file data.cif (mmCIF, C-alpha atoms and all ligand atoms)
data_coords
loop_
_atom_site.label_atom_id
_atom_site.label_comp_id
_atom_site.auth_asym_id
_atom_site.auth_seq_id
_atom_site.Cartn_x
_atom_site.Cartn_y
_atom_site.Cartn_z
CA MET A 17 -186.21 99.66 80.76
CA GLY A 18 -184.76 101.16 83.88
CA MET A 19 -184.30 104.50 82.22
CA LYS A 20 -187.83 104.52 80.93
CA ARG A 21 -189.15 103.95 84.38
CA ILE A 22 -187.19 106.87 85.78
CA TYR A 23 -188.48 109.03 83.01
CA LEU A 24 -192.08 108.05 83.64
CA ASN A 25 -192.13 108.68 87.33
CA PRO A 26 -188.93 109.95 88.90
CA PHE A 27 -190.58 110.09 92.31
CA ARG A 28 -191.28 106.34 92.34
CA SER A 29 -188.06 105.28 90.66
CA ARG A 30 -185.93 102.65 92.31
CA VAL A 31 -182.84 104.75 91.72
CA ARG A 32 -182.08 106.40 95.03
CA SER A 33 -182.66 110.11 94.81
CA ALA A 34 -179.55 110.66 96.93
CA ASN A 35 -177.47 109.21 94.08
CA ILE A 36 -178.97 111.69 91.68
CA ALA A 37 -178.32 114.44 94.21
CA LYS A 38 -174.67 113.47 94.49
CA GLN A 39 -174.17 113.44 90.73
CA ARG A 40 -175.84 116.79 90.32
CA LEU A 41 -173.93 118.24 93.22
CA SER A 42 -170.51 117.18 91.98
CA ARG A 43 -171.21 118.72 88.58
CA ILE A 44 -172.48 121.93 90.17
CA ILE A 45 -169.50 122.24 92.50
CA ALA A 46 -167.00 121.48 89.74
CA HIS A 47 -168.62 124.11 87.57
CA GLU A 48 -168.70 126.70 90.35
CA ARG A 49 -165.06 126.16 91.24
CA MET A 50 -164.17 126.79 87.63
CA GLN A 51 -165.86 130.17 87.73
CA LYS A 52 -163.12 131.43 90.00
CA ASN A 53 -160.53 131.01 87.24
CA LEU A 54 -162.56 132.47 84.42
CA PRO A 55 -160.24 133.83 81.74
CA ALA A 56 -160.62 137.58 81.38
CA PHE A 57 -161.81 137.23 77.81
CA PHE A 58 -164.65 134.87 78.73
CA PRO A 59 -167.54 137.35 79.01
CA GLU A 60 -166.74 138.80 75.61
CA LEU A 61 -166.32 135.40 74.03
CA GLN A 62 -169.66 134.40 75.53
CA ARG A 63 -171.31 137.46 74.12
CA ASP A 64 -169.76 136.91 70.66
CA LEU A 65 -170.72 133.24 70.56
CA LEU A 66 -174.30 134.04 71.51
CA THR A 67 -174.46 136.70 68.82
CA VAL A 68 -173.31 134.23 66.21
CA VAL A 69 -175.65 131.48 67.38
CA SER A 70 -178.58 133.90 67.47
CA LYS A 71 -178.19 134.48 63.73
CA TYR A 72 -179.37 130.93 63.20
CA VAL A 73 -181.30 129.93 66.30
CA ASP A 74 -183.97 131.78 68.25
CA LEU A 75 -182.42 132.18 71.71
CA GLU A 76 -185.79 132.61 73.38
CA ARG A 77 -187.21 129.34 72.12
CA ASN A 78 -184.14 127.16 72.35
CA GLU A 79 -181.60 126.39 75.02
CA VAL A 80 -178.21 127.90 74.43
CA SER A 81 -175.47 128.02 76.99
CA VAL A 82 -171.81 128.89 76.98
CA LEU A 83 -170.00 127.48 79.97
CA PHE A 84 -166.50 127.50 81.26
CA ALA A 85 -166.11 123.91 82.34
CA ASN A 86 -163.77 121.12 83.10
CA GLN A 87 -163.19 118.30 80.65
CA ASP A 88 -160.88 115.51 81.76
CA ARG A 89 -159.36 117.85 84.32
CA ARG A 90 -158.54 120.46 81.73
CA PRO A 91 -160.34 123.75 81.40
CA SER A 92 -162.69 123.84 78.44
CA ILE A 93 -165.32 126.01 76.89
CA GLU A 94 -168.64 124.34 76.33
CA LEU A 95 -171.22 125.62 73.90
CA ASN A 96 -174.54 123.79 74.18
CA VAL A 97 -177.39 124.36 71.78
CA THR A 98 -180.53 122.32 72.28
CA LEU A 99 -183.17 122.90 69.65
CA ASN A 100 -186.82 122.93 70.64
CA GLU A 101 -187.95 124.12 67.24
CA THR A 102 -186.75 123.92 63.67
CA PRO A 103 -183.99 126.42 62.94
CA LYS A 104 -184.71 129.74 61.24
CA ARG A 105 -182.85 128.63 58.17
CA LYS A 106 -182.97 125.07 56.96
CA TRP A 107 -179.73 123.24 57.59
CA ALA A 108 -178.08 122.20 54.38
CA PHE A 109 -177.35 118.53 54.70
CA ARG A 110 -174.87 117.14 52.28
CA MET B 23 -203.43 142.18 84.69
CA ALA B 24 -200.15 140.63 85.77
CA LYS B 25 -199.73 139.96 89.45
CA VAL B 26 -196.50 140.05 91.43
CA ILE B 27 -196.36 137.52 94.28
CA VAL B 28 -193.64 137.63 96.92
CA VAL B 29 -192.82 134.49 98.91
CA THR B 30 -191.32 135.79 102.13
CA SER B 31 -190.79 134.85 105.77
CA GLY B 32 -188.25 136.85 107.71
CA LYS B 33 -186.70 133.73 109.20
CA GLY B 34 -184.36 131.63 107.07
CA GLY B 35 -184.80 128.04 106.01
CA VAL B 36 -188.56 127.83 106.50
CA GLY B 37 -189.41 126.76 102.92
CA LYS B 38 -189.58 129.89 100.74
CA THR B 39 -187.61 128.49 97.83
CA THR B 40 -189.41 125.14 97.99
CA THR B 41 -192.69 127.06 98.00
CA SER B 42 -191.70 129.47 95.21
CA ALA B 43 -190.76 126.58 92.93
CA ALA B 44 -193.91 124.61 93.76
CA PHE B 45 -196.24 127.58 93.54
CA ALA B 46 -194.87 128.89 90.25
CA THR B 47 -195.02 125.39 88.76
CA GLY B 48 -198.59 125.01 90.02
CA LEU B 49 -199.68 128.27 88.39
CA ALA B 50 -198.04 127.24 85.12
CA LEU B 51 -199.75 123.84 85.28
CA ARG B 52 -203.03 125.72 85.55
CA GLY B 53 -202.23 127.48 82.28
CA ARG B 54 -200.93 130.76 83.67
CA LYS B 55 -197.76 132.09 82.09
CA THR B 56 -195.49 132.33 85.10
CA VAL B 57 -191.95 133.38 85.90
CA VAL B 58 -190.19 132.66 89.18
CA VAL B 59 -187.50 135.18 90.09
CA ASP B 60 -184.66 134.45 92.50
CA PHE B 61 -184.05 137.48 94.73
CA ASP B 62 -181.55 135.65 96.93
CA VAL B 63 -178.46 137.30 95.46
CA GLY B 64 -175.22 135.59 96.39
CA LEU B 65 -176.74 132.26 97.37
CA ARG B 66 -178.84 131.27 94.39
CA ASN B 67 -180.75 128.12 95.30
CA LEU B 68 -183.75 128.30 93.05
CA ASP B 69 -181.86 127.06 89.99
CA ILE B 70 -180.95 123.93 91.89
CA VAL B 71 -184.48 123.24 93.05
CA MET B 72 -185.62 123.74 89.45
CA ASP B 73 -182.70 121.79 87.96
CA CYS B 74 -181.56 124.47 85.55
CA GLU B 75 -178.20 125.39 87.10
CA ARG B 76 -176.25 124.27 84.04
CA ARG B 77 -178.30 126.48 81.77
CA VAL B 78 -177.61 129.81 83.45
CA VAL B 79 -175.64 132.10 81.16
CA TYR B 80 -177.00 135.50 82.12
CA ASP B 81 -178.92 136.26 85.27
CA PHE B 82 -181.09 138.83 87.04
CA ILE B 83 -178.06 140.95 88.01
CA ASN B 84 -176.70 141.00 84.45
CA VAL B 85 -180.06 142.35 83.36
CA VAL B 86 -180.10 144.94 86.16
CA LYS B 87 -176.65 146.07 85.06
CA ARG B 88 -177.75 146.06 81.42
CA GLU B 89 -175.12 143.50 80.52
CA ALA B 90 -177.79 141.24 79.05
CA LYS B 91 -181.35 141.45 77.82
CA LEU B 92 -184.13 140.01 79.90
CA SER B 93 -184.91 137.52 77.14
CA GLU B 94 -181.35 136.23 77.35
CA ALA B 95 -181.56 135.61 81.07
CA LEU B 96 -184.99 133.95 81.20
CA ILE B 97 -184.78 130.16 81.25
CA ARG B 98 -187.66 128.18 79.84
CA ASP B 99 -188.47 125.33 82.21
CA LYS B 100 -187.84 122.00 80.57
CA ARG B 101 -190.68 120.15 82.28
CA THR B 102 -193.56 122.55 82.63
CA LYS B 103 -195.12 124.58 79.86
CA ASN B 104 -195.72 128.28 80.57
CA LEU B 105 -192.98 128.34 83.21
CA PHE B 106 -189.82 130.44 83.18
CA ILE B 107 -187.03 131.00 85.67
CA LEU B 108 -185.01 134.14 86.21
CA PRO B 109 -181.96 132.99 88.17
CA THR B 110 -179.83 135.30 90.24
CA SER B 111 -176.08 135.53 90.43
CA GLN B 112 -173.65 134.30 93.02
CA ILE B 113 -171.77 137.55 93.36
CA GLN B 114 -171.80 138.86 96.88
CA ASP B 115 -172.39 142.47 95.99
CA LYS B 116 -175.33 143.47 98.16
CA ASP B 117 -175.92 146.64 96.20
CA ALA B 118 -176.17 144.81 92.89
CA LEU B 119 -179.96 144.98 93.05
CA THR B 120 -181.06 148.55 92.58
CA LYS B 121 -184.62 149.76 92.92
CA GLU B 122 -184.55 151.25 89.43
CA GLY B 123 -183.18 148.04 87.93
CA VAL B 124 -185.74 145.87 89.69
CA GLU B 125 -188.55 148.23 88.73
CA ARG B 126 -187.56 148.13 85.07
CA ILE B 127 -187.42 144.34 85.03
CA ILE B 128 -190.70 143.85 86.91
CA LYS B 129 -192.36 146.25 84.48
CA GLU B 130 -191.05 144.29 81.54
CA LEU B 131 -192.09 140.96 83.09
CA ARG B 132 -195.59 142.32 83.75
CA ARG B 133 -196.04 142.79 80.02
CA ASP B 134 -195.25 139.15 79.23
CA PHE B 135 -196.45 137.12 82.20
CA ASP B 136 -199.62 136.48 84.18
CA TYR B 137 -197.73 135.83 87.42
CA ILE B 138 -194.33 136.87 88.69
CA VAL B 139 -193.30 134.85 91.74
CA CYS B 140 -190.47 136.42 93.75
CA ASP B 141 -188.43 134.10 95.97
CA SER B 142 -187.26 136.36 98.79
CA PRO B 143 -184.03 135.95 100.71
CA ALA B 144 -184.26 135.50 104.48
CA GLY B 145 -183.92 138.47 106.80
CA ILE B 146 -185.46 141.89 106.86
CA GLU B 147 -182.68 143.71 105.05
CA LYS B 148 -182.36 145.17 101.63
CA GLY B 149 -182.72 141.92 99.65
CA ALA B 150 -185.97 140.96 101.36
CA LEU B 151 -187.30 144.52 101.06
CA MET B 152 -186.46 144.58 97.36
CA ALA B 153 -188.32 141.29 96.82
CA LEU B 154 -191.50 142.57 98.46
CA TYR B 155 -191.40 146.17 97.25
CA TYR B 156 -193.29 145.73 93.96
CA ALA B 157 -195.53 142.87 95.09
CA ASP B 158 -199.32 142.81 94.91
CA TYR B 159 -199.65 139.68 96.99
CA ALA B 160 -197.56 138.19 99.77
CA VAL B 161 -197.30 134.52 100.68
CA LEU B 162 -195.97 134.52 104.22
CA VAL B 163 -194.21 131.21 104.83
CA THR B 164 -194.12 130.19 108.48
CA ASN B 165 -193.15 127.10 110.42
CA PRO B 166 -195.19 126.30 113.53
CA GLU B 167 -192.42 127.46 115.79
CA ILE B 168 -191.98 130.59 117.92
CA ALA B 169 -189.06 132.30 116.18
CA SER B 170 -190.57 131.74 112.77
CA VAL B 171 -193.96 133.17 113.73
CA ARG B 172 -192.38 136.17 115.40
CA ASP B 173 -190.30 136.92 112.31
CA ALA B 174 -193.37 136.48 110.13
CA ASP B 175 -195.12 139.12 112.19
CA ARG B 176 -192.24 141.55 111.70
CA MET B 177 -192.45 140.84 108.00
CA LEU B 178 -196.14 141.78 108.03
CA GLY B 179 -195.15 145.10 109.55
CA LEU B 180 -192.64 145.71 106.76
CA ILE B 181 -195.17 144.80 104.08
CA GLN B 182 -197.53 147.34 105.59
CA SER B 183 -194.95 150.11 105.74
CA LYS B 184 -192.13 149.50 103.27
CA SER B 185 -193.88 148.22 100.15
CA ARG B 186 -194.56 150.35 97.12
CA ARG B 187 -198.29 150.01 97.71
CA ALA B 188 -197.84 151.29 101.25
CA GLU B 189 -195.63 154.17 100.16
CA LEU B 190 -198.05 155.26 97.46
CA GLY B 191 -201.08 154.77 99.70
CA ASP B 192 -202.57 152.28 97.21
CA GLU B 193 -204.80 149.40 98.15
CA PRO B 194 -202.73 147.31 100.62
CA MET B 195 -200.92 144.18 99.49
CA ALA B 196 -202.93 140.97 99.93
CA GLN B 197 -201.34 138.79 102.61
CA ARG B 198 -201.81 135.06 103.01
CA LEU B 199 -200.38 132.61 105.49
CA LEU B 200 -198.71 129.38 104.37
CA ILE B 201 -197.73 127.10 107.23
CA THR B 202 -195.05 124.64 106.16
CA ARG B 203 -193.34 121.67 107.79
CA TYR B 204 -196.48 121.04 109.79
CA ASP B 205 -196.69 117.89 111.85
CA ALA B 206 -200.37 117.41 112.67
CA LYS B 207 -199.65 114.60 115.07
CA ARG B 208 -197.28 116.61 117.19
CA ALA B 209 -199.57 119.62 117.10
CA SER B 210 -202.49 117.47 118.29
CA ARG B 211 -200.38 116.24 121.17
CA GLY B 212 -199.61 119.82 122.08
CA GLU B 213 -195.92 119.50 121.23
CA MET B 214 -196.05 122.06 118.47
CA LEU B 215 -198.02 125.22 117.72
CA SER B 216 -201.21 124.31 115.88
CA VAL B 217 -202.56 125.86 112.69
CA GLN B 218 -205.18 127.60 114.82
CA ASP B 219 -202.50 129.01 117.16
CA VAL B 220 -200.53 130.50 114.27
CA GLU B 221 -203.68 131.86 112.62
CA ASP B 222 -204.79 133.44 115.89
CA ILE B 223 -201.48 135.21 116.35
CA LEU B 224 -200.82 136.44 112.83
CA ALA B 225 -204.49 137.07 111.98
CA ILE B 226 -204.20 136.84 108.22
CA PRO B 227 -206.12 134.39 106.01
CA LEU B 228 -204.72 130.90 105.61
CA LEU B 229 -203.64 129.88 102.12
CA GLY B 230 -202.47 126.39 103.00
CA VAL B 231 -200.81 123.94 105.34
CA ILE B 232 -197.89 121.97 103.92
CA PRO B 233 -197.04 118.90 105.99
CA GLU B 234 -193.53 118.01 107.06
CA SER B 235 -192.74 115.50 104.37
CA ARG B 236 -190.02 113.21 103.12
CA SER B 237 -191.16 113.92 99.59
CA ILE B 238 -189.55 117.38 99.78
CA LEU B 239 -186.03 116.03 100.04
CA ARG B 240 -186.69 113.43 97.37
CA ALA B 241 -187.86 116.20 95.04
CA SER B 242 -185.00 118.58 95.76
CA ASN B 243 -182.44 115.79 95.34
CA GLN B 244 -183.66 115.45 91.80
CA GLY B 245 -184.33 119.08 91.09
CA ILE B 246 -188.04 118.58 90.49
CA PRO B 247 -190.59 120.86 92.16
CA VAL B 248 -192.51 118.73 94.67
CA ILE B 249 -195.86 119.79 93.24
CA LEU B 250 -195.10 117.49 90.28
CA ASP B 251 -195.06 114.56 92.71
CA LYS B 252 -198.82 114.19 92.56
CA GLU B 253 -199.02 111.28 94.96
CA SER B 254 -197.09 112.99 97.73
CA ASP B 255 -198.82 114.75 100.62
CA ALA B 256 -196.74 117.92 100.19
CA GLY B 257 -197.38 117.93 96.43
CA GLN B 258 -201.12 117.71 97.05
CA ALA B 259 -201.00 120.42 99.68
CA TYR B 260 -199.24 122.78 97.25
CA THR B 261 -201.70 121.92 94.48
CA ASP B 262 -204.57 122.82 96.83
CA ALA B 263 -202.87 126.06 97.89
CA VAL B 264 -202.55 127.10 94.24
CA ALA B 265 -206.21 126.22 93.65
CA ARG B 266 -207.21 128.42 96.62
CA PHE B 267 -205.02 131.22 95.35
CA LEU B 268 -206.89 131.06 92.04
CA GLY B 269 -210.19 131.34 93.88
CA GLY B 270 -211.14 127.70 94.38
CA LYS B 271 -212.71 126.45 97.59
CA VAL B 272 -210.65 123.52 98.77
CA GLU B 273 -210.80 122.02 102.20
CA HIS B 274 -207.55 122.11 104.21
CA LYS B 275 -206.01 118.67 104.41
CA PHE B 276 -203.13 117.67 106.68
CA VAL B 277 -204.41 119.84 109.54
CA GLN B 278 -205.65 116.87 111.54
CA PRO B 279 -203.48 113.83 112.10
CA SER B 280 -204.44 111.06 109.68
CA LYS B 281 -206.22 108.25 111.45
CA PRO B 282 -204.64 104.83 111.28
CA LYS B 283 -205.99 102.78 108.38
CA PHE B 284 -207.32 100.08 110.68
CA PHE B 285 -209.34 102.59 112.67
CA GLN B 286 -210.86 104.06 109.52
CA LYS B 287 -211.90 100.59 108.40
CA VAL B 288 -213.66 99.89 111.66
CA LEU B 289 -215.44 103.24 111.51
CA GLY B 290 -216.35 102.60 107.87
CA ALA B 291 -217.87 99.24 108.76
CA TRP B 292 -220.07 100.88 111.39
CA ALA B 293 -221.17 103.80 109.31
N1 LIG A 301 -192.69 120.65 104.07
C1 LIG A 301 -191.42 120.31 104.27
N2 LIG A 301 -191.09 119.09 104.81
C2 LIG A 301 -189.80 118.74 105.00
N3 LIG A 301 -188.75 119.51 104.70
C3 LIG A 301 -188.98 120.72 104.17
C4 LIG A 301 -190.32 121.19 103.92
N4 LIG A 301 -190.25 122.44 103.37
C5 LIG A 301 -188.94 122.73 103.28
N5 LIG A 301 -188.17 121.72 103.74
C6 LIG A 301 -186.70 121.67 103.81
O1 LIG A 301 -186.26 122.78 104.56
C7 LIG A 301 -185.05 123.30 104.05
C8 LIG A 301 -185.18 124.77 103.73
O2 LIG A 301 -186.11 124.94 102.66
P1 LIG A 301 -185.98 126.15 101.63
O3 LIG A 301 -184.66 126.21 101.03
O4 LIG A 301 -187.16 126.08 100.74
O5 LIG A 301 -186.16 127.34 102.67
P2 LIG A 301 -185.91 128.90 102.44
O6 LIG A 301 -186.90 129.59 103.29
O7 LIG A 301 -185.91 129.21 100.98
O8 LIG A 301 -184.45 129.07 103.02
P3 LIG A 301 -183.52 130.41 102.92
O9 LIG A 301 -184.07 131.35 103.96
O10 LIG A 301 -182.17 129.92 103.25
O11 LIG A 301 -183.67 130.94 101.52
C9 LIG A 301 -184.72 122.48 102.83
O12 LIG A 301 -183.78 121.50 103.18
C10 LIG A 301 -186.04 121.84 102.46
O13 LIG A 301 -185.85 120.63 101.80
MG MG A 302 -184.46 130.26 99.78
#
call {"tool": "encode", "arguments": {"input": "data.cif", "output": "structure tokens", "more": "lines below"}}
Ligand SMILES: Nc1ncnc2c1ncn2[C@@H]1O[C@H](COP(=O)(O)OP(=O)(O)OP(=O)(O)O)[C@@H](O)[C@H]1O
Ligand SMILES: [Mg+2]
result
Amino acid sequence: MGMKRIYLNPFRSRVRSANIAKQRLSRIIAHERMQKNLPAFFPELQRDLLTVVSKYVDLERNEVSVLFANQDRRPSIELNVTLNETPKRKWAFR
Amino acid sequence: MAKVIVVTSGKGGVGKTTTSAAFATGLALRGRKTVVVDFDVGLRNLDIVMDCERRVVYDFINVVKREAKLSEALIRDKRTKNLFILPTSQIQDKDALTKEGVERIIKELRRDFDYIVCDSPAGIEKGALMALYYADYAVLVTNPEIASVRDADRMLGLIQSKSRRAELGDEPMAQRLLITRYDAKRASRGEMLSVQDVEDILAIPLLGVIPESRSILRASNQGIPVILDKESDAGQAYTDAVARFLGGKVEHKFVQPSKPKFFQKVLGAWA
């Protein structure tokens, strides 16, 4: 219920916007600090991953990101693909 | 024909990024395909106001340096149809933005979009000049305060001499005044420059008056452009400014202090 309410009108939600700000901020700062220790191979890996993903998913219509992030205090590489449309090729479900 | 709009001020912290996000969202809500471009290289605040910071892979500078295609750097806004964001990078290289690079990208954006909203950095240096250079229309953001109005006036001078239109001797850039953080009550008590004072001094047409409002912080905390907060005073003021920009005749609200409810009731009973 609570979630639904936030979704419907975030401006009138009872969740304090400062709490949301703090959550967002800590994620942003954590991410930005990580950028200082980017492995040298990262840009190329990013490029390669995007090339592969683009064979299956239209990058302009969907959200694809490759991030150098922090997972449980260990560096990690995050590939996020959010589909707004059906993929170019049908997925084969088995 | 696509139109390039620069949101500029001279002085820092007067509300350019807030305005760029609201204005671009407002144009998109009115069905115009719009992109908002962050020219504030090194600082990059627009992505936070628009809540897309986690989705930035390639940015404006990558495209300038031909490290990525424009289509790879454009972020489709998750809330508003027709709206895209071109984030900038956090590198501190002041020379990253080249005139040729910016020209190429603006040209490409003009093919795809109805409106290109450029969020200028503060100051009157290279970054600000780059943001205004290709513009057809300037939104001059000013607070009702001496330093801000003086800087706005210097900005007008730069628009009239340093823009592409000025250099080529084309029709001059349209210039409109947007007064933000306005407190009608204080202005009416003579504690703050009034809308009329600022208009008299800068002598350019008024696009809107955005009240000083708590809704701005609430919106930026959440990363939602304030114009989507339809019930807020600032959201309404931005909606009206966009309507005026698109040619509508809308009365300026928030210029006079709002009368206390009780007083209105008494007047209403008499009328
Ligand atoms: N109408 C308003 N009422 C209250 N606060 C406001 C209003 N407009 C802007 N602000 C606040 O003023 C601060 C500066 O706003 P913003 O970042 O939009 O300015 P800017 O001109 O882009 O700054 P910079 O020159 O650093 O790029 C922010 O904290 C913002 O929330
Ligand atoms: Mg700004």
call {"tool": "closest_atom_pairs", "arguments": {"input": "data.cif", "of": "chain A", "to": "chain B", "cutoff": "7 Å", "atoms": "all atoms listed in the file", "output": "JSON lines"}}
result
{"residue": "A:Phe27", "atom": "CA", "partner": "B:Asp251", "partner_atom": "CA", "distance": 6.3}
{"residue": "A:Ser33", "atom": "CA", "partner": "B:Asn243", "partner_atom": "CA", "distance": 5.7}
{"residue": "A:Ala34", "atom": "CA", "partner": "B:Asn243", "partner_atom": "CA", "distance": 6.1}
{"residue": "A:Ile36", "atom": "CA", "partner": "B:Gln244", "partner_atom": "CA", "distance": 6.0}
{"residue": "A:Ala37", "atom": "CA", "partner": "B:Asn243", "partner_atom": "CA", "distance": 4.5}
{"residue": "A:Glu76", "atom": "CA", "partner": "B:Ser93", "partner_atom": "CA", "distance": 6.2}
{"residue": "A:Ser81", "atom": "CA", "partner": "B:Arg77", "partner_atom": "CA", "distance": 5.8}
{"residue": "A:Val82", "atom": "CA", "partner": "B:Val79", "partner_atom": "CA", "distance": 6.5}
call {"tool": "residues_around", "arguments": {"input": "data.cif", "residues": "B:Met23", "least_positions_apart": "5", "cutoff": "9 Å", "atoms": "all atoms listed in the file", "output": "list in words"}}
result
Arg132, Arg133, Phe135, Asp136 and Tyr137 of chain B
call {"tool": "residues_near_ligand", "arguments": {"input": "data.cif", "ligand": "ligand MG 302 (chain A)", "cutoff": "12 Å", "atoms": "all atoms listed in the file", "output": "PDB file with C-alpha atoms, keeping the file's coordinate frame"}}
result
ATOM      1  CA  VAL B  29    -192.820 134.490  98.910  1.00  0.00           C
ATOM      2  CA  THR B  30    -191.320 135.790 102.130  1.00  0.00           C
ATOM      3  CA  SER B  31    -190.790 134.850 105.770  1.00  0.00           C
ATOM      4  CA  GLY B  32    -188.250 136.850 107.710  1.00  0.00           C
ATOM      5  CA  LYS B  33    -186.700 133.730 109.200  1.00  0.00           C
ATOM      6  CA  GLY B  34    -184.360 131.630 107.070  1.00  0.00           C
ATOM      7  CA  GLY B  35    -184.800 128.040 106.010  1.00  0.00           C
ATOM      8  CA  VAL B  36    -188.560 127.830 106.500  1.00  0.00           C
ATOM      9  CA  GLY B  37    -189.410 126.760 102.920  1.00  0.00           C
ATOM     10  CA  LYS B  38    -189.580 129.890 100.740  1.00  0.00           C
ATOM     11  CA  THR B  39    -187.610 128.490  97.830  1.00  0.00           C
ATOM     12  CA  THR B  40    -189.410 125.140  97.990  1.00  0.00           C
ATOM     13  CA  THR B  41    -192.690 127.060  98.000  1.00  0.00           C
ATOM     14  CA  SER B  42    -191.700 129.470  95.210  1.00  0.00           C
ATOM     15  CA  ALA B  43    -190.760 126.580  92.930  1.00  0.00           C
ATOM     16  CA  VAL B  59    -187.500 135.180  90.090  1.00  0.00           C
ATOM     17  CA  ASP B  60    -184.660 134.450  92.500  1.00  0.00           C
ATOM     18  CA  PHE B  61    -184.050 137.480  94.730  1.00  0.00           C
ATOM     19  CA  ASP B  62    -181.550 135.650  96.930  1.00  0.00           C
ATOM     20  CA  VAL B  63    -178.460 137.300  95.460  1.00  0.00           C
ATOM     21  CA  GLY B  64    -175.220 135.590  96.390  1.00  0.00           C
ATOM     22  CA  LEU B  65    -176.740 132.260  97.370  1.00  0.00           C
ATOM     23  CA  ARG B  66    -178.840 131.270  94.390  1.00  0.00           C
ATOM     24  CA  ASN B  67    -180.750 128.120  95.300  1.00  0.00           C
ATOM     25  CA  LEU B  68    -183.750 128.300  93.050  1.00  0.00           C
ATOM     26  CA  ASP B  69    -181.860 127.060  89.990  1.00  0.00           C
ATOM     27  CA  ILE B  70    -180.950 123.930  91.890  1.00  0.00           C
ATOM     28  CA  VAL B  71    -184.480 123.240  93.050  1.00  0.00           C
ATOM     29  CA  THR B 110    -179.830 135.300  90.240  1.00  0.00           C
ATOM     30  CA  CYS B 140    -190.470 136.420  93.750  1.00  0.00           C
ATOM     31  CA  ASP B 141    -188.430 134.100  95.970  1.00  0.00           C
ATOM     32  CA  SER B 142    -187.260 136.360  98.790  1.00  0.00           C
ATOM     33  CA  PRO B 143    -184.030 135.950 100.710  1.00  0.00           C
ATOM     34  CA  ALA B 144    -184.260 135.500 104.480  1.00  0.00           C
ATOM     35  CA  GLY B 145    -183.920 138.470 106.800  1.00  0.00           C
ATOM     36  CA  GLY B 149    -182.720 141.920  99.650  1.00  0.00           C
ATOM     37  CA  ALA B 150    -185.970 140.960 101.360  1.00  0.00           C
ATOM     38  CA  VAL B 163    -194.210 131.210 104.830  1.00  0.00           C
TER      39      VAL B 163
END
call {"tool": "axis_aligned_box", "arguments": {"input": "data.cif", "around": "ligand LIG 301 (chain A)", "padding_each_side": "4 Å", "output": "lines of an AutoDock Vina configuration file"}}
result
center_x = -187.4
center_y = 125.0
center_z = 102.9
size_x = 18.5
size_y = 20.6
size_z = 12.3
call {"tool": "atom_distance", "arguments": {"input": "data.cif", "atom1": "atom CA of B:Ile238", "atom2": "atom O1 of ligand LIG 301 (chain A)"}}
result
7.9 Å
call {"tool": "closest_residue", "arguments": {"input": "data.cif", "among": "B:Val161, B:Leu119, B:Leu178, B:Ile232", "to": "ligand LIG 301 (chain A)", "atoms": "all atoms listed in the file"}}
result
B:Ile232
call {"tool": "atom_distance", "arguments": {"input": "data.cif", "atom1": "atom CA of A:Asn35", "atom2": "atom C9 of ligand LIG 301 (chain A)"}}
result
17.5 Å
